[in-house]
$ cat structure_5.cif   # mmCIF, C-alpha atoms and all ligand atoms
data_upload
loop_
_atom_site.label_atom_id
_atom_site.label_comp_id
_atom_site.auth_asym_id
_atom_site.auth_seq_id
_atom_site.Cartn_x
_atom_site.Cartn_y
_atom_site.Cartn_z
CA MET M 78 -14.32 -7.41 18.85
CA ASP M 79 -13.68 -4.23 16.85
CA ASP M 80 -17.13 -2.62 16.78
CA HIS M 81 -15.90 0.42 14.85
CA GLN M 82 -15.54 -1.47 11.57
CA PRO M 83 -18.53 -1.15 9.22
CA ASP M 84 -18.68 -4.61 7.64
CA PRO M 85 -17.83 -8.22 8.60
CA LEU M 86 -14.69 -8.40 6.44
CA ALA M 87 -13.31 -5.16 7.88
CA ARG M 88 -14.09 -6.41 11.39
CA ALA M 89 -12.38 -9.74 10.79
CA LEU M 90 -9.33 -8.06 9.24
CA ALA M 91 -9.13 -5.53 12.07
CA GLU M 92 -9.28 -8.31 14.65
CA SER M 93 -6.44 -10.15 12.92
CA ILE M 94 -4.08 -7.13 12.85
CA ARG M 95 -1.70 -6.89 15.79
CA ASP M 96 -1.11 -3.50 17.39
CA VAL M 97 2.50 -3.04 18.45
CA PRO M 98 2.94 0.10 20.60
CA ASP M 99 6.15 2.14 20.35
CA PHE M 100 7.48 0.44 17.20
CA PRO M 101 9.72 1.40 15.45
CA ARG M 102 9.79 4.53 17.62
CA ARG M 103 8.18 5.61 20.87
CA GLY M 104 4.71 7.02 20.22
CA ILE M 105 4.04 5.03 17.03
CA LEU M 106 1.28 2.43 17.21
CA PHE M 107 2.47 -0.02 14.57
CA LYS M 108 -0.19 -1.99 12.70
CA ASP M 109 1.48 -5.39 12.28
CA LEU M 110 -0.14 -7.14 9.31
CA THR M 111 1.98 -10.30 9.53
CA THR M 112 -0.82 -11.74 11.66
CA LEU M 113 -3.28 -11.08 8.82
CA PHE M 114 -0.96 -12.38 6.08
CA LYS M 115 -0.43 -15.72 7.82
CA ASP M 116 -4.18 -16.42 7.99
CA ALA M 117 -4.90 -18.09 4.63
CA GLY M 118 -8.61 -17.35 4.58
CA LEU M 119 -8.29 -13.72 5.64
CA PHE M 120 -5.38 -12.98 3.32
CA ARG M 121 -7.37 -14.42 0.44
CA ALA M 122 -10.53 -12.52 1.43
CA ALA M 123 -8.61 -9.26 1.69
CA CYS M 124 -6.97 -9.74 -1.71
CA ASP M 125 -10.30 -10.77 -3.25
CA ALA M 126 -11.91 -7.57 -1.95
CA LEU M 127 -9.20 -5.38 -3.49
CA VAL M 128 -9.35 -7.33 -6.76
CA ALA M 129 -13.14 -6.80 -6.86
CA ALA M 130 -12.63 -3.06 -6.37
CA TYR M 131 -10.47 -2.79 -9.51
CA ARG M 132 -11.81 -5.60 -11.72
CA ASP M 133 -13.57 -3.13 -14.04
CA THR M 134 -10.81 -0.50 -14.04
CA PRO M 135 -8.57 -0.54 -17.12
CA LEU M 136 -5.00 -0.93 -15.84
CA ASP M 137 -1.56 -1.77 -17.26
CA LEU M 138 0.53 -2.09 -14.10
CA VAL M 139 0.48 -2.40 -10.35
CA ALA M 140 3.27 -0.47 -8.60
CA ALA M 141 3.92 -2.16 -5.25
CA ILE M 142 5.73 -0.30 -2.47
CA GLU M 143 8.49 -2.13 -0.54
CA SER M 144 8.15 -4.18 1.43
CA ARG M 145 4.75 -5.08 2.80
CA GLY M 146 3.16 -3.74 -0.37
CA PHE M 147 4.76 -6.59 -2.31
CA PRO M 148 2.43 -9.43 -1.23
CA VAL M 149 -0.62 -7.26 -1.82
CA GLY M 150 0.62 -5.79 -5.10
CA GLY M 151 1.79 -9.16 -6.38
CA VAL M 152 -1.60 -10.75 -5.87
CA LEU M 153 -3.38 -7.74 -7.39
CA ALA M 154 -1.19 -7.81 -10.51
CA TYR M 155 -1.67 -11.55 -10.93
CA ARG M 156 -5.41 -11.51 -10.40
CA LEU M 157 -6.02 -8.36 -12.49
CA GLY M 158 -3.84 -9.72 -15.29
CA VAL M 159 -1.42 -6.77 -15.40
CA GLY M 160 2.31 -6.29 -14.87
CA LEU M 161 3.99 -5.65 -11.53
CA VAL M 162 6.65 -3.01 -10.89
CA ALA M 163 8.57 -2.45 -7.67
CA VAL M 164 8.86 0.83 -5.79
CA ARG M 165 11.86 0.19 -3.58
CA LYS M 166 13.91 1.82 -0.88
CA LEU M 167 17.12 3.62 -1.82
CA GLY M 168 19.86 1.46 -3.32
CA LYS M 169 17.93 -1.79 -3.78
CA LEU M 170 17.17 -1.71 -7.50
CA PRO M 171 19.97 -2.96 -9.78
CA ALA M 172 19.46 -0.98 -13.00
CA GLN M 173 19.07 2.74 -13.73
CA THR M 174 16.62 4.40 -11.33
CA ILE M 175 14.67 7.55 -10.70
CA SER M 176 14.07 8.61 -7.10
CA ALA M 177 11.73 10.64 -4.91
CA GLY M 178 12.24 11.78 -1.32
CA TYR M 179 9.40 11.75 1.18
CA SER M 180 8.52 11.97 4.87
CA LEU M 181 6.77 9.21 6.73
CA GLU M 182 5.18 8.87 10.14
CA TYR M 183 8.55 8.00 11.65
CA GLY M 184 11.27 9.54 9.49
CA GLU M 185 12.54 10.59 6.08
CA ALA M 186 13.24 8.24 3.20
CA VAL M 187 13.80 7.89 -0.54
CA LEU M 188 11.90 5.61 -2.89
CA GLU M 189 13.17 4.48 -6.27
CA MET M 190 11.78 2.91 -9.39
CA HIS M 191 13.58 1.59 -12.42
CA ALA M 192 13.75 4.28 -15.09
CA ASP M 193 12.13 1.90 -17.58
CA ALA M 194 9.47 0.54 -15.19
CA VAL M 195 6.58 2.51 -16.68
CA GLU M 196 5.93 3.48 -20.31
CA PRO M 197 4.30 6.84 -21.10
CA GLY M 198 0.52 6.53 -20.99
CA GLN M 199 0.42 3.33 -18.93
CA ARG M 200 -2.31 3.22 -16.32
CA VAL M 201 -0.93 2.34 -12.89
CA LEU M 202 -2.48 1.22 -9.59
CA ILE M 203 -0.31 1.88 -6.51
CA ALA M 204 -0.46 -0.81 -3.80
CA ASP M 205 0.76 -0.91 -0.21
CA ASP M 206 -0.28 -2.45 3.09
CA VAL M 207 -0.87 0.70 5.17
CA LEU M 208 -1.75 4.28 4.22
CA ALA M 209 -0.40 6.45 7.04
CA THR M 210 0.70 10.02 6.16
CA GLY M 211 0.55 9.18 2.46
CA GLY M 212 4.15 10.26 1.96
CA SER M 213 5.34 7.01 0.41
CA ALA M 214 2.31 6.56 -1.85
CA ALA M 215 2.61 10.21 -2.97
CA ALA M 216 6.30 9.63 -3.75
CA ALA M 217 5.40 6.49 -5.70
CA ALA M 218 2.82 8.51 -7.63
CA ARG M 219 5.44 11.15 -8.44
CA LEU M 220 7.78 8.45 -9.78
CA VAL M 221 5.06 6.96 -12.00
CA ARG M 222 4.11 10.40 -13.33
CA GLU M 223 7.77 11.35 -13.93
CA LEU M 224 7.92 8.41 -16.34
CA GLY M 225 4.73 9.56 -18.07
CA GLY M 226 2.43 7.03 -16.44
CA GLU M 227 -1.08 7.80 -15.25
CA VAL M 228 -1.75 7.00 -11.60
CA VAL M 229 -5.32 5.70 -11.60
CA ALA M 230 -5.81 4.84 -7.93
CA ALA M 231 -4.12 3.60 -4.77
CA ALA M 232 -5.09 0.44 -2.87
CA PHE M 233 -4.31 -0.40 0.76
CA LEU M 234 -5.37 -2.97 3.30
CA VAL M 235 -5.35 -0.41 6.11
CA GLU M 236 -5.80 3.36 6.34
CA LEU M 237 -4.82 5.33 9.44
CA SER M 238 -7.25 8.15 8.70
CA GLN M 239 -6.05 10.57 11.39
CA LEU M 240 -2.69 10.86 9.63
CA GLY M 241 -4.27 12.48 6.56
CA GLY M 242 -2.94 10.16 3.85
CA ARG M 243 -5.98 10.56 1.64
CA GLN M 244 -5.52 14.34 1.62
CA ALA M 245 -1.82 13.92 0.81
CA LEU M 246 -2.84 11.93 -2.26
CA ALA M 247 -4.75 14.97 -3.48
CA GLY M 248 -7.85 13.57 -5.08
CA LEU M 249 -6.42 10.21 -6.13
CA PRO M 250 -9.11 7.54 -5.63
CA VAL M 251 -8.15 5.43 -2.59
CA THR M 252 -9.42 2.03 -1.53
CA ALA M 253 -8.72 0.80 2.00
CA LEU M 254 -10.37 -2.27 3.50
CA VAL M 255 -9.89 -1.30 7.15
CA THR M 256 -10.00 2.31 8.33
CA TYR M 257 -8.89 3.30 11.80
P1 LIG Y 1 3.15 6.74 4.91
O1 LIG Y 1 4.15 7.03 3.84
O2 LIG Y 1 3.25 7.65 6.09
O3 LIG Y 1 1.73 6.64 4.37
O4 LIG Y 1 3.53 5.33 5.50
C1 LIG Y 1 3.17 4.23 4.88
C2 LIG Y 1 4.27 3.22 4.92
O5 LIG Y 1 4.90 3.11 6.19
C3 LIG Y 1 3.68 1.90 4.62
O6 LIG Y 1 4.58 1.22 3.79
C4 LIG Y 1 3.54 1.23 5.95
O7 LIG Y 1 3.96 -0.09 5.87
C5 LIG Y 1 4.43 1.99 6.90
N1 LIG Y 1 3.75 2.51 8.09
C6 LIG Y 1 3.69 3.81 8.47
N2 LIG Y 1 3.06 3.95 9.63
C7 LIG Y 1 2.68 2.72 10.01
C8 LIG Y 1 1.98 2.20 11.14
N3 LIG Y 1 1.52 2.99 12.12
N4 LIG Y 1 1.76 0.89 11.20
C9 LIG Y 1 2.23 0.08 10.21
N5 LIG Y 1 2.90 0.50 9.13
C10 LIG Y 1 3.13 1.81 9.03
#
$ encode --input "structure_5.cif" --output "structure tokens" --more "lines below"
Ligand code: AMP
Amino acid sequence: MDDHQPDPLARALAESIRDVPDFPRRGILFKDLTTLFKDAGLFRAACDALVAAYRDTPLDLVAAIESRGFPVGGVLAYRLGVGLVAVRKLGKLPAQTISAGYSLEYGEAVLEMHADAVEPGQRVLIADDVLATGGSAAAAARLVRELGGEVVAAAFLVELSQLGGRQALAGLPVTALVTY
């Protein structure tokens, strides 16, 4: 039982997440959400909670970060009735892209978005599974803003608060269902 979680949903989600020590590198405690995603009731409850958080927020798009942000972002876009755009790792998107480099808990990387993914003035919610250092979400936010979009908020299932992701997102409203 995870007694540190403040509410029953957070406790249930925390109990369903598998900790994998030393993955993908020694010293990283990887939060494996595949064990949450495969539980139909918990996956639905988690998505419902994020949908409820943004139901009254005017939005045009969800920008989902590859790859575990896709199931979360896809459900959010569908349930909120807005479009879905992909923030992908280098070289995966087929058409013209813009890119942003960033650091993460275990390395350096580049994220890309199609150059026509966001129209100027569109209101965008960023979605991913885990907020760690915030590097990837901050890079996604830079991509959206480069295209003239407005980043309204960022939604995660899990936040690893000791890694300072919220601070890296510099005042952007953040929702996370489980905080460690
Ligand atoms: P960051 O850019 O540092 O916030 O890292 C967030 C991204 O890396 C997310 O897409 C996560 O899936 C992944 N990630 C980073 N650290 C972890 C971790 N300890 N456990 C699980 N996923 C992680």
$ closest_residue --input "structure_5.cif" --among "M:Phe107, M:Phe120, M:Tyr131, M:Phe114" --to "ligand LIG 1 (chain Y)" --atoms "all atoms listed in the file"
M:Phe107
$ closest_atom_pairs --input "structure_5.cif" --of "chain M" --to "ligand LIG 1 (chain Y)" --cutoff "9 Å" --atoms "only C-alpha atoms and all ligand atoms" --output "CSV"
residue,atom,partner,partner_atom,distance
M:Asp96,CA,Y:LIG1,N4,8.1
M:Val97,CA,Y:LIG1,N4,8.3
M:Phe100,CA,Y:LIG1,N3,8.2
M:Pro101,CA,Y:LIG1,C8,8.9
M:Ile105,CA,Y:LIG1,N3,5.9
M:Leu106,CA,Y:LIG1,N3,5.1
M:Phe107,CA,Y:LIG1,N4,3.6
M:Lys108,CA,Y:LIG1,N4,3.8
M:Asp109,CA,Y:LIG1,C9,5.9
M:Leu110,CA,Y:LIG1,C9,7.7
M:Ile142,CA,Y:LIG1,O6,6.5
M:Glu143,CA,Y:LIG1,O6,6.7
M:Ser144,CA,Y:LIG1,O6,6.9
M:Arg145,CA,Y:LIG1,O7,5.9
M:Gly146,CA,Y:LIG1,O6,6.6
M:Tyr179,CA,Y:LIG1,O1,7.5
M:Ser180,CA,Y:LIG1,O1,6.7
M:Leu181,CA,Y:LIG1,O2,3.9
M:Glu182,CA,Y:LIG1,O2,4.6
M:Tyr183,CA,Y:LIG1,N2,7.1
M:Gly184,CA,Y:LIG1,O2,8.9
M:Asp205,CA,Y:LIG1,O6,5.9
M:Asp206,CA,Y:LIG1,O7,5.6
M:Val207,CA,Y:LIG1,C4,4.5
M:Leu208,CA,Y:LIG1,O3,4.2
M:Ala209,CA,Y:LIG1,O3,3.4
M:Thr210,CA,Y:LIG1,O2,3.5
M:Gly211,CA,Y:LIG1,O3,3.4
M:Gly212,CA,Y:LIG1,O1,3.7
M:Ser213,CA,Y:LIG1,O1,3.6
M:Ala214,CA,Y:LIG1,O1,6.0
M:Ala215,CA,Y:LIG1,O1,7.7
M:Ala216,CA,Y:LIG1,O1,8.3
M:Val235,CA,Y:LIG1,C9,8.6
M:Glu236,CA,Y:LIG1,O3,8.4
M:Leu237,CA,Y:LIG1,N3,7.3
M:Leu240,CA,Y:LIG1,O2,7.6
M:Gly241,CA,Y:LIG1,O3,8.7
M:Gly242,CA,Y:LIG1,O3,5.9
M:Ala245,CA,Y:LIG1,O3,8.8
$ closest_residue --input "structure_5.cif" --among "M:Leu220, M:Ala141, M:Leu188, M:Val255" --to "M:Ala154" --atoms "all atoms listed in the file"
M:Ala141
$ residues_near_point --input "structure_5.cif" --point "(-11.0, -0.5, -15.3)" --cutoff "12 Å" --atoms "all atoms listed in the file" --output "PDB file with C-alpha atoms, in the frame of the given file"
ATOM      1  CA  VAL M 128      -9.350  -7.330  -6.760  1.00  0.00           C
ATOM      2  CA  ALA M 129     -13.140  -6.800  -6.860  1.00  0.00           C
ATOM      3  CA  ALA M 130     -12.630  -3.060  -6.370  1.00  0.00           C
ATOM      4  CA  TYR M 131     -10.470  -2.790  -9.510  1.00  0.00           C
ATOM      5  CA  ARG M 132     -11.810  -5.600 -11.720  1.00  0.00           C
ATOM      6  CA  ASP M 133     -13.570  -3.130 -14.040  1.00  0.00           C
ATOM      7  CA  THR M 134     -10.810  -0.500 -14.040  1.00  0.00           C
ATOM      8  CA  PRO M 135      -8.570  -0.540 -17.120  1.00  0.00           C
ATOM      9  CA  LEU M 136      -5.000  -0.930 -15.840  1.00  0.00           C
ATOM     10  CA  ASP M 137      -1.560  -1.770 -17.260  1.00  0.00           C
ATOM     11  CA  LEU M 138       0.530  -2.090 -14.100  1.00  0.00           C
ATOM     12  CA  LEU M 157      -6.020  -8.360 -12.490  1.00  0.00           C
ATOM     13  CA  GLY M 158      -3.840  -9.720 -15.290  1.00  0.00           C
ATOM     14  CA  VAL M 159      -1.420  -6.770 -15.400  1.00  0.00           C
ATOM     15  CA  ARG M 200      -2.310   3.220 -16.320  1.00  0.00           C
ATOM     16  CA  VAL M 201      -0.930   2.340 -12.890  1.00  0.00           C
ATOM     17  CA  LEU M 202      -2.480   1.220  -9.590  1.00  0.00           C
ATOM     18  CA  VAL M 229      -5.320   5.700 -11.600  1.00  0.00           C
ATOM     19  CA  ALA M 230      -5.810   4.840  -7.930  1.00  0.00           C
TER      20      ALA M 230
END
$ closest_residue --input "structure_5.cif" --among "M:Ser238, M:Arg243, M:Gly198, M:Arg121" --to "M:Thr256" --atoms "all atoms listed in the file"
M:Ser238
$ atom_distance --input "structure_5.cif" --atom1 "atom CA of M:Tyr155" --atom2 "atom CA of M:Ala204"
12.9 Å
$ closest_residue --input "structure_5.cif" --among "M:Leu119, M:Leu90, M:Ala218, M:Ala126" --to "M:Leu246" --atoms "all atoms listed in the file"
M:Ala218
$ atom_distance --input "structure_5.cif" --atom1 "atom CA of M:Ala140" --atom2 "atom CA of M:Ile203"
4.8 Å
$ atom_distance --input "structure_5.cif" --atom1 "atom CA of M:Gly160" --atom2 "atom CA of M:Leu113"
24.8 Å
$ closest_residue --input "structure_5.cif" --among "M:Ala172, M:Val139, M:Ala89, M:Leu249" --to "M:Gly118" --atoms "all atoms listed in the file"
M:Ala89
$ build_atoms --input "structure_5.cif" --residues "stretch 132-148 of chain M" --atoms "N, CA and C atoms" --output "PDB file, in the coordinates of the input"
ATOM      1  N   ARG M 132     -11.602  -4.655 -10.614  1.00  0.00           N
ATOM      2  CA  ARG M 132     -11.810  -5.600 -11.720  1.00  0.00           C
ATOM      3  C   ARG M 132     -12.246  -4.890 -12.992  1.00  0.00           C
ATOM      4  N   ASP M 133     -13.046  -3.822 -12.858  1.00  0.00           N
ATOM      5  CA  ASP M 133     -13.570  -3.130 -14.040  1.00  0.00           C
ATOM      6  C   ASP M 133     -12.784  -1.866 -14.383  1.00  0.00           C
ATOM      7  N   THR M 134     -11.634  -1.685 -13.764  1.00  0.00           N
ATOM      8  CA  THR M 134     -10.810  -0.500 -14.040  1.00  0.00           C
ATOM      9  C   THR M 134      -9.704  -0.875 -15.017  1.00  0.00           C
ATOM     10  N   PRO M 135      -9.662  -0.229 -16.193  1.00  0.00           N
ATOM     11  CA  PRO M 135      -8.570  -0.540 -17.120  1.00  0.00           C
ATOM     12  C   PRO M 135      -7.211  -0.159 -16.497  1.00  0.00           C
ATOM     13  N   LEU M 136      -6.314  -1.129 -16.444  1.00  0.00           N
ATOM     14  CA  LEU M 136      -5.000  -0.930 -15.840  1.00  0.00           C
ATOM     15  C   LEU M 136      -3.931  -1.609 -16.686  1.00  0.00           C
ATOM     16  N   ASP M 137      -2.705  -1.114 -16.622  1.00  0.00           N
ATOM     17  CA  ASP M 137      -1.560  -1.770 -17.260  1.00  0.00           C
ATOM     18  C   ASP M 137      -0.595  -2.354 -16.245  1.00  0.00           C
ATOM     19  N   LEU M 138      -0.492  -1.706 -15.081  1.00  0.00           N
ATOM     20  CA  LEU M 138       0.530  -2.090 -14.100  1.00  0.00           C
ATOM     21  C   LEU M 138       0.030  -1.878 -12.679  1.00  0.00           C
ATOM     22  N   VAL M 139       0.558  -2.700 -11.784  1.00  0.00           N
ATOM     23  CA  VAL M 139       0.480  -2.400 -10.350  1.00  0.00           C
ATOM     24  C   VAL M 139       1.887  -2.011  -9.906  1.00  0.00           C
ATOM     25  N   ALA M 140       1.993  -0.897  -9.190  1.00  0.00           N
ATOM     26  CA  ALA M 140       3.270  -0.470  -8.600  1.00  0.00           C
ATOM     27  C   ALA M 140       3.191  -0.736  -7.105  1.00  0.00           C
ATOM     28  N   ALA M 141       3.976  -1.729  -6.646  1.00  0.00           N
ATOM     29  CA  ALA M 141       3.920  -2.160  -5.250  1.00  0.00           C
ATOM     30  C   ALA M 141       5.060  -1.539  -4.470  1.00  0.00           C
ATOM     31  N   ILE M 142       4.742  -1.003  -3.285  1.00  0.00           N
ATOM     32  CA  ILE M 142       5.730  -0.300  -2.470  1.00  0.00           C
ATOM     33  C   ILE M 142       6.367  -1.275  -1.472  1.00  0.00           C
ATOM     34  N   GLU M 143       7.723  -1.294  -1.470  1.00  0.00           N
ATOM     35  CA  GLU M 143       8.490  -2.130  -0.540  1.00  0.00           C
ATOM     36  C   GLU M 143       8.115  -1.802   0.910  1.00  0.00           C
ATOM     37  N   SER M 144       8.072  -2.778   1.770  1.00  0.00           N
ATOM     38  CA  SER M 144       8.150  -4.180   1.430  1.00  0.00           C
ATOM     39  C   SER M 144       6.819  -4.889   1.632  1.00  0.00           C
ATOM     40  N   ARG M 145       6.014  -4.370   2.534  1.00  0.00           N
ATOM     41  CA  ARG M 145       4.750  -5.080   2.800  1.00  0.00           C
ATOM     42  C   ARG M 145       3.711  -4.810   1.715  1.00  0.00           C
ATOM     43  N   GLY M 146       4.029  -3.898   0.785  1.00  0.00           N
ATOM     44  CA  GLY M 146       3.160  -3.740  -0.370  1.00  0.00           C
ATOM     45  C   GLY M 146       3.353  -4.835  -1.410  1.00  0.00           C
ATOM     46  N   PHE M 147       4.473  -5.581  -1.283  1.00  0.00           N
ATOM     47  CA  PHE M 147       4.760  -6.590  -2.310  1.00  0.00           C
ATOM     48  C   PHE M 147       3.756  -7.744  -2.316  1.00  0.00           C
ATOM     49  N   PRO M 148       3.415  -8.350  -1.156  1.00  0.00           N
ATOM     50  CA  PRO M 148       2.430  -9.430  -1.230  1.00  0.00           C
ATOM     51  C   PRO M 148       1.090  -8.961  -1.775  1.00  0.00           C
TER      52      PRO M 148
END
